[in-house]
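In what follows, a structure is listed as structure tokens, so that the remarks can point back to it.
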Amino acid sequence: MSEQTIKIAILDMYDGEPNQGMRCIIDIINRFNRIVSFKIFDVRRKSELPIIKEYDIYISTGGPGNPLIGDGNWDKKYYSFIDELMVWNKDNEVKKHVLFICHSFQMACKHFGLAEITKRNDTSFGVMTIHKTKEGIKDPLFEGLADPFYGVDSRDYQVVQPKLSVFAKKGAKIISLEKIRDHVQYERAIMAVRFTDYFVGTQFHPEADPISFIANLRNAATREKIKKMKGKRKFRNMLEDLLDDEKIYKTNETLIPNFLRIAINDLLKTKKFFLIKYYFQ
């Protein structure tokens with residue numbers, strides 16, 4: 001009986017822009033490096049996508065720009081790829097698990113016709129309170145996280161106006177919503193969706209750690225922009241949130257590891273993988 005590696009494909013949606021997200025994702029995957037390997041595919045710049053049968057787990061990253069607009073090439077290939085993954089899961093015993101993050105999440109919601117994607121009145125950036133729905137309380141993705149929990153939010157667009165009849169038809173579920181804002185009339189954006197048993201996505205950045213966030217703040221122009229946008233008091237509160245072990249640290253240490261454990265355990269149950277020993281760190 002030989003040991004076999006589980007292969008993860010990271011779908012890079014950053015379009016070549018400098019970011020901390022990729023570092024964070026790789027850091028989390030490396031917590032499982034005794035049994036997994038990974039490869040990065042540059043989706044937006046090079047239209048790179050993996051061969052489905054060669055990879056077991058997929059993480060599709062956040063990224064810049066308007067999720068409603070592509071170049072007519074990479075975006076069409078990306079949507080076709082999602083459809084092919086859905087067909088694979090319908091036709092095969094060994095399922096492919098997919099996590100969509102931020103920009104990818106918005107594109108997935110658009111593709112499945114679940115809700116509207118609109119531009120926010122202003123940029124959301126910082127530490128956000130995220131509330132589980134009734135379905136989210138039971139979802140294993142959030143196991144170990146309090147209600148509410150905290151995540152790093154960075155977006156100019158939002159997923160709103162859910163089409164509940166489409167959700168019901170497709171068996172999709174809203175599993176978290178943004179914070180309740182009593183002082184404004186804006187509707188609450190959708191923060192996470194369970195698309196299928198094997199596809200899930202988050203609007204926020206579950207990979208983010210305080211190091212990545214603070215790295216952005218080292219840029220003086222970025223720091224001043226955030227202070228102007230949030231005000232000095234909220235800016236200081238945000239810095240305190242970053243250092244709280246029960247906030248961003250907790251989400252970083254819990255959510256994507258949960259996703260990977262669920263996917264890996266599902267693969268092991270199919271008996272496709274014969275692992276002499278495996279470790280969840």
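Residue numbers start at 1 in each chain; chains themselves are named A, B, ... in the order of the structure tokens; ligands are numbered from 1 in the order shown.
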
* Asked: What lies within 12 Å of Ile57 of chain A using only C-alpha atoms, ignoring chain neighbours under 4 positions off, as a PyMOL selection string?
  -> chain A and resi 5-11+29+36-39+50-53+85+94-100+198-200+256+259-267

* From the DSSP assignment of the backbone, select every residue of segment 72-215 of chain A that is alpha helix (DSSP H), and format the answer as a PyMOL selection string. => chain A and resi 74-91+103-111+134-138+164-170+210-215

* Structure fact -> The distance between atom CA of Asn92 of chain A and atom CA of Gly171 of chain A is 19.1 Å

* One-decimal distance in Å that lies between atom CA of Arg120 of chain A and atom CA of Gly63 of chain A ->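 Atom-to-atom, atom CA of Gly63 of chain A to atom CA of Arg120 of chain A, that is 16.2 Å.
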
* as a ChimeraX atom specification, which residues of segment 64-196 of chain A does DSSP assign to strand (DSSP E)? -> /A:97-101,116-132,149-160,173-178,190-194

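Between atom CA of Ile190 of chain A and atom CA of Leu177 of chain A the interatomic distance comes to 4.7 Å.
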
* Please provide as JSON, numbers by chain all residues within 12 Å of Lys119 of chain A, with the sequence filter that same-chain residues fewer than 2 positions apart are discarded (counting only C-alpha atoms). => {"A": [65, 66, 67, 68, 106, 116, 117, 121, 122, 123, 124, 155, 156, 157, 158, 159, 160, 189]}

Taking all heavy atoms for each residue, export the selection above as a compact mmCIF listing (two decimals), in the first residue's frame.
# COMPACT_ATOMS: atom_id res chain seq x y z
N GLY A 65 -11.21 44.47 -9.12
CA GLY A 65 -12.06 44.80 -10.27
C GLY A 65 -13.51 44.41 -10.14
O GLY A 65 -13.97 43.91 -9.11
N ASN A 66 -14.21 44.62 -11.23
CA ASN A 66 -15.65 44.39 -11.32
C ASN A 66 -15.92 42.92 -11.62
O ASN A 66 -15.51 42.41 -12.66
CB ASN A 66 -16.22 45.27 -12.44
CG ASN A 66 -17.73 45.23 -12.50
OD1 ASN A 66 -18.37 44.30 -12.03
ND2 ASN A 66 -18.31 46.24 -13.11
N PRO A 67 -16.61 42.20 -10.74
CA PRO A 67 -16.87 40.77 -10.97
C PRO A 67 -17.83 40.52 -12.12
O PRO A 67 -17.97 39.38 -12.56
CB PRO A 67 -17.46 40.31 -9.64
CG PRO A 67 -18.10 41.54 -9.07
CD PRO A 67 -17.20 42.68 -9.47
N LEU A 68 -18.49 41.56 -12.60
CA LEU A 68 -19.45 41.41 -13.69
C LEU A 68 -18.79 41.53 -15.06
O LEU A 68 -19.43 41.29 -16.08
CB LEU A 68 -20.55 42.47 -13.57
CG LEU A 68 -21.35 42.46 -12.26
CD1 LEU A 68 -22.32 43.62 -12.22
CD2 LEU A 68 -22.09 41.14 -12.09
N GLN A 106 -18.36 36.28 -5.75
CA GLN A 106 -19.29 37.13 -6.48
C GLN A 106 -19.57 36.58 -7.87
O GLN A 106 -20.71 36.56 -8.34
CB GLN A 106 -18.74 38.56 -6.55
CG GLN A 106 -18.64 39.25 -5.20
CD GLN A 106 -17.78 40.50 -5.23
OE1 GLN A 106 -17.14 40.81 -6.23
NE2 GLN A 106 -17.76 41.22 -4.12
N GLU A 116 -28.22 39.46 -6.92
CA GLU A 116 -27.68 40.58 -7.67
C GLU A 116 -26.30 40.96 -7.13
O GLU A 116 -26.05 40.85 -5.92
CB GLU A 116 -28.61 41.79 -7.58
CG GLU A 116 -29.99 41.56 -8.17
CD GLU A 116 -29.96 41.30 -9.66
OE1 GLU A 116 -29.10 41.91 -10.34
OE2 GLU A 116 -30.77 40.48 -10.15
N ILE A 117 -25.42 41.37 -8.02
CA ILE A 117 -24.12 41.88 -7.62
C ILE A 117 -24.09 43.36 -7.95
O ILE A 117 -24.24 43.74 -9.12
CB ILE A 117 -22.96 41.14 -8.32
CG1 ILE A 117 -22.86 39.70 -7.82
CG2 ILE A 117 -21.63 41.83 -8.02
CD1 ILE A 117 -23.77 38.73 -8.49
N ASN A 121 -21.89 51.72 -2.07
CA ASN A 121 -21.77 53.18 -2.02
C ASN A 121 -20.36 53.60 -1.66
O ASN A 121 -19.88 54.65 -2.10
CB ASN A 121 -22.75 53.76 -0.99
CG ASN A 121 -24.18 53.74 -1.52
OD1 ASN A 121 -24.39 53.51 -2.70
ND2 ASN A 121 -25.13 53.98 -0.65
N ASP A 122 -19.69 52.80 -0.83
CA ASP A 122 -18.30 53.06 -0.51
C ASP A 122 -17.59 51.73 -0.27
O ASP A 122 -18.22 50.69 -0.10
CB ASP A 122 -18.15 53.98 0.71
CG ASP A 122 -18.95 53.51 1.91
OD1 ASP A 122 -19.13 52.27 2.06
OD2 ASP A 122 -19.41 54.33 2.71
N THR A 123 -16.28 51.78 -0.28
CA THR A 123 -15.49 50.55 -0.10
C THR A 123 -15.64 50.01 1.32
O THR A 123 -15.60 50.76 2.28
CB THR A 123 -14.01 50.84 -0.39
OG1 THR A 123 -13.87 51.29 -1.74
CG2 THR A 123 -13.17 49.59 -0.19
N SER A 124 -15.80 48.70 1.41
CA SER A 124 -15.77 48.05 2.72
C SER A 124 -14.36 47.51 2.92
O SER A 124 -13.85 46.74 2.10
CB SER A 124 -16.78 46.91 2.77
OG SER A 124 -16.68 46.20 3.99
N ARG A 155 -13.89 45.01 -0.21
CA ARG A 155 -14.70 44.87 -1.44
C ARG A 155 -15.35 46.19 -1.83
O ARG A 155 -15.69 47.02 -1.00
CB ARG A 155 -15.80 43.83 -1.24
CG ARG A 155 -16.74 44.13 -0.08
CD ARG A 155 -17.64 42.94 0.25
NE ARG A 155 -18.19 43.08 1.58
CZ ARG A 155 -19.44 43.50 1.84
NH1 ARG A 155 -20.26 43.80 0.87
NH2 ARG A 155 -19.85 43.61 3.09
N ASP A 156 -15.50 46.35 -3.12
CA ASP A 156 -16.24 47.47 -3.70
C ASP A 156 -17.61 47.03 -4.20
O ASP A 156 -18.45 47.86 -4.53
CB ASP A 156 -15.45 48.09 -4.86
CG ASP A 156 -14.20 48.81 -4.39
OD1 ASP A 156 -14.31 49.61 -3.44
OD2 ASP A 156 -13.12 48.56 -4.95
N TYR A 157 -17.80 45.70 -4.26
CA TYR A 157 -19.06 45.15 -4.75
C TYR A 157 -19.67 44.26 -3.67
O TYR A 157 -19.00 43.89 -2.70
CB TYR A 157 -18.83 44.35 -6.04
CG TYR A 157 -18.45 45.25 -7.20
CD1 TYR A 157 -17.14 45.68 -7.36
CD2 TYR A 157 -19.41 45.69 -8.11
CE1 TYR A 157 -16.79 46.53 -8.40
CE2 TYR A 157 -19.08 46.53 -9.15
CZ TYR A 157 -17.77 46.96 -9.29
OH TYR A 157 -17.43 47.81 -10.31
N GLN A 158 -20.93 43.92 -3.84
CA GLN A 158 -21.62 43.12 -2.84
C GLN A 158 -22.67 42.23 -3.49
O GLN A 158 -23.17 42.54 -4.58
CB GLN A 158 -22.28 44.02 -1.80
CG GLN A 158 -23.31 44.97 -2.38
CD GLN A 158 -23.86 45.94 -1.34
OE1 GLN A 158 -23.54 45.86 -0.15
NE2 GLN A 158 -24.70 46.86 -1.77
N VAL A 159 -22.98 41.14 -2.82
CA VAL A 159 -24.01 40.21 -3.27
C VAL A 159 -25.26 40.47 -2.43
O VAL A 159 -25.25 40.30 -1.21
CB VAL A 159 -23.56 38.75 -3.13
CG1 VAL A 159 -24.67 37.80 -3.58
CG2 VAL A 159 -22.28 38.51 -3.92
N VAL A 160 -26.33 40.91 -3.10
CA VAL A 160 -27.57 41.29 -2.40
C VAL A 160 -28.78 40.77 -3.18
O VAL A 160 -28.64 40.17 -4.23
CB VAL A 160 -27.66 42.83 -2.23
CG1 VAL A 160 -26.60 43.34 -1.27
CG2 VAL A 160 -27.52 43.53 -3.57
N ALA A 189 -25.66 42.51 3.09
CA ALA A 189 -25.06 41.72 2.02
C ALA A 189 -24.89 40.27 2.46
O ALA A 189 -24.75 39.97 3.65
CB ALA A 189 -23.71 42.31 1.63

* **Residue among A:Leu242, A:Ile214, A:Val193, A:Ile137 lying closest to Ala108 of chain A, counting only C-alpha atoms** =>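 Closest to Ala108 of chain A of all the choices is A:Val193.
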
* **Proximity to Pro64 of chain A - best of A:Glu253, A:Asp12, A:Asp91, A:Glu135, only C-alpha atoms** => A:Asp12

* Near Ile130 of chain A, counting only C-alpha atoms, which residues have an atom at most 9 Å away, once you skip same-chain residues fewer than 3 positions from it, shown as a PyMOL selection string? -> chain A and resi 147-151+176-179+191+204

Give me a file of those residues, with all heavy atoms, as a PDB file, in the first residue's frame.
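That gives us part39.pdb:
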ATOM      1  N   ASP A 147     -20.813  32.849  17.032  1.00  0.00           N
ATOM      2  CA  ASP A 147     -21.817  33.579  16.266  1.00  0.00           C
ATOM      3  C   ASP A 147     -22.199  34.845  17.040  1.00  0.00           C
ATOM      4  O   ASP A 147     -22.801  34.742  18.109  1.00  0.00           O
ATOM      5  CB  ASP A 147     -23.056  32.707  16.044  1.00  0.00           C
ATOM      6  CG  ASP A 147     -24.093  33.395  15.153  1.00  0.00           C
ATOM      7  OD1 ASP A 147     -23.676  34.256  14.341  1.00  0.00           O
ATOM      8  OD2 ASP A 147     -25.283  33.058  15.273  1.00  0.00           O
ATOM      9  N   PRO A 148     -21.802  36.013  16.550  1.00  0.00           N
ATOM     10  CA  PRO A 148     -21.087  36.239  15.292  1.00  0.00           C
ATOM     11  C   PRO A 148     -19.608  35.926  15.418  1.00  0.00           C
ATOM     12  O   PRO A 148     -19.079  35.789  16.516  1.00  0.00           O
ATOM     13  CB  PRO A 148     -21.313  37.725  15.041  1.00  0.00           C
ATOM     14  CG  PRO A 148     -21.397  38.319  16.414  1.00  0.00           C
ATOM     15  CD  PRO A 148     -22.118  37.289  17.243  1.00  0.00           C
ATOM     16  N   PHE A 149     -18.951  35.836  14.249  1.00  0.00           N
ATOM     17  CA  PHE A 149     -17.500  35.717  14.215  1.00  0.00           C
ATOM     18  C   PHE A 149     -16.949  36.893  13.417  1.00  0.00           C
ATOM     19  O   PHE A 149     -17.703  37.784  13.009  1.00  0.00           O
ATOM     20  CB  PHE A 149     -17.058  34.365  13.636  1.00  0.00           C
ATOM     21  CG  PHE A 149     -17.493  34.114  12.211  1.00  0.00           C
ATOM     22  CD1 PHE A 149     -16.639  34.388  11.146  1.00  0.00           C
ATOM     23  CD2 PHE A 149     -18.747  33.575  11.928  1.00  0.00           C
ATOM     24  CE1 PHE A 149     -17.023  34.153   9.839  1.00  0.00           C
ATOM     25  CE2 PHE A 149     -19.143  33.337  10.616  1.00  0.00           C
ATOM     26  CZ  PHE A 149     -18.275  33.629   9.570  1.00  0.00           C
ATOM     27  N   TYR A 150     -15.653  36.917  13.200  1.00  0.00           N
ATOM     28  CA  TYR A 150     -15.028  38.094  12.584  1.00  0.00           C
ATOM     29  C   TYR A 150     -14.202  37.696  11.369  1.00  0.00           C
ATOM     30  O   TYR A 150     -13.580  36.636  11.345  1.00  0.00           O
ATOM     31  CB  TYR A 150     -14.136  38.813  13.601  1.00  0.00           C
ATOM     32  CG  TYR A 150     -14.913  39.334  14.788  1.00  0.00           C
ATOM     33  CD1 TYR A 150     -15.207  38.495  15.863  1.00  0.00           C
ATOM     34  CD2 TYR A 150     -15.381  40.639  14.817  1.00  0.00           C
ATOM     35  CE1 TYR A 150     -15.943  38.951  16.942  1.00  0.00           C
ATOM     36  CE2 TYR A 150     -16.117  41.107  15.890  1.00  0.00           C
ATOM     37  CZ  TYR A 150     -16.393  40.261  16.955  1.00  0.00           C
ATOM     38  OH  TYR A 150     -17.132  40.713  18.016  1.00  0.00           O
ATOM     39  N   GLY A 151     -14.217  38.550  10.353  1.00  0.00           N
ATOM     40  CA  GLY A 151     -13.430  38.290   9.159  1.00  0.00           C
ATOM     41  C   GLY A 151     -12.918  39.589   8.565  1.00  0.00           C
ATOM     42  O   GLY A 151     -13.456  40.670   8.845  1.00  0.00           O
ATOM     43  N   SER A 176     -24.207  32.896   5.849  1.00  0.00           N
ATOM     44  CA  SER A 176     -23.850  34.029   6.718  1.00  0.00           C
ATOM     45  C   SER A 176     -24.197  35.347   6.046  1.00  0.00           C
ATOM     46  O   SER A 176     -24.279  35.445   4.808  1.00  0.00           O
ATOM     47  CB  SER A 176     -22.370  34.011   7.117  1.00  0.00           C
ATOM     48  OG  SER A 176     -21.534  34.352   6.032  1.00  0.00           O
ATOM     49  N   LEU A 177     -24.421  36.370   6.890  1.00  0.00           N
ATOM     50  CA  LEU A 177     -24.782  37.721   6.440  1.00  0.00           C
ATOM     51  C   LEU A 177     -23.890  38.738   7.143  1.00  0.00           C
ATOM     52  O   LEU A 177     -23.328  38.465   8.205  1.00  0.00           O
ATOM     53  CB  LEU A 177     -26.244  38.022   6.774  1.00  0.00           C
ATOM     54  CG  LEU A 177     -27.313  37.189   6.059  1.00  0.00           C
ATOM     55  CD1 LEU A 177     -28.651  37.358   6.755  1.00  0.00           C
ATOM     56  CD2 LEU A 177     -27.423  37.594   4.594  1.00  0.00           C
ATOM     57  N   GLU A 178     -23.790  39.926   6.539  1.00  0.00           N
ATOM     58  CA  GLU A 178     -22.994  40.965   7.182  1.00  0.00           C
ATOM     59  C   GLU A 178     -23.717  41.507   8.408  1.00  0.00           C
ATOM     60  O   GLU A 178     -24.876  41.188   8.668  1.00  0.00           O
ATOM     61  CB  GLU A 178     -22.663  42.080   6.198  1.00  0.00           C
ATOM     62  CG  GLU A 178     -23.820  42.962   5.796  1.00  0.00           C
ATOM     63  CD  GLU A 178     -23.396  44.089   4.862  1.00  0.00           C
ATOM     64  OE1 GLU A 178     -22.194  44.373   4.743  1.00  0.00           O
ATOM     65  OE2 GLU A 178     -24.289  44.688   4.235  1.00  0.00           O
ATOM     66  N   LYS A 179     -23.021  42.352   9.147  1.00  0.00           N
ATOM     67  CA  LYS A 179     -23.541  42.869  10.411  1.00  0.00           C
ATOM     68  C   LYS A 179     -24.844  43.642  10.211  1.00  0.00           C
ATOM     69  O   LYS A 179     -25.104  44.189   9.129  1.00  0.00           O
ATOM     70  CB  LYS A 179     -22.503  43.776  11.070  1.00  0.00           C
ATOM     71  CG  LYS A 179     -22.190  45.030  10.268  1.00  0.00           C
ATOM     72  CD  LYS A 179     -21.129  45.855  10.950  1.00  0.00           C
ATOM     73  CE  LYS A 179     -20.790  47.100  10.117  1.00  0.00           C
ATOM     74  NZ  LYS A 179     -19.735  47.909  10.741  1.00  0.00           N
ATOM     75  N   MET A 191     -22.753  37.073   2.963  1.00  0.00           N
ATOM     76  CA  MET A 191     -21.327  36.898   3.244  1.00  0.00           C
ATOM     77  C   MET A 191     -20.814  35.482   2.987  1.00  0.00           C
ATOM     78  O   MET A 191     -19.610  35.267   2.922  1.00  0.00           O
ATOM     79  CB  MET A 191     -21.025  37.303   4.687  1.00  0.00           C
ATOM     80  CG  MET A 191     -21.311  38.780   4.974  1.00  0.00           C
ATOM     81  SD  MET A 191     -20.423  39.922   3.895  1.00  0.00           S
ATOM     82  CE  MET A 191     -18.756  39.756   4.518  1.00  0.00           C
ATOM     83  N   PHE A 204     -16.109  37.435   2.450  1.00  0.00           N
ATOM     84  CA  PHE A 204     -14.961  37.920   3.221  1.00  0.00           C
ATOM     85  C   PHE A 204     -13.732  37.059   2.919  1.00  0.00           C
ATOM     86  O   PHE A 204     -13.780  36.112   2.132  1.00  0.00           O
ATOM     87  CB  PHE A 204     -15.283  37.913   4.717  1.00  0.00           C
ATOM     88  CG  PHE A 204     -15.672  36.565   5.253  1.00  0.00           C
ATOM     89  CD1 PHE A 204     -14.751  35.742   5.870  1.00  0.00           C
ATOM     90  CD2 PHE A 204     -16.984  36.108   5.147  1.00  0.00           C
ATOM     91  CE1 PHE A 204     -15.100  34.492   6.359  1.00  0.00           C
ATOM     92  CE2 PHE A 204     -17.354  34.856   5.627  1.00  0.00           C
ATOM     93  CZ  PHE A 204     -16.404  34.049   6.232  1.00  0.00           C
TER      94      PHE A 204
END

* Asked: When distances are computed from only C-alpha atoms, which of A:Cys109, A:Ile25, A:Ile226, A:Leu141 shows the smallest separation from Val166 of chain A?
  -> A:Cys109
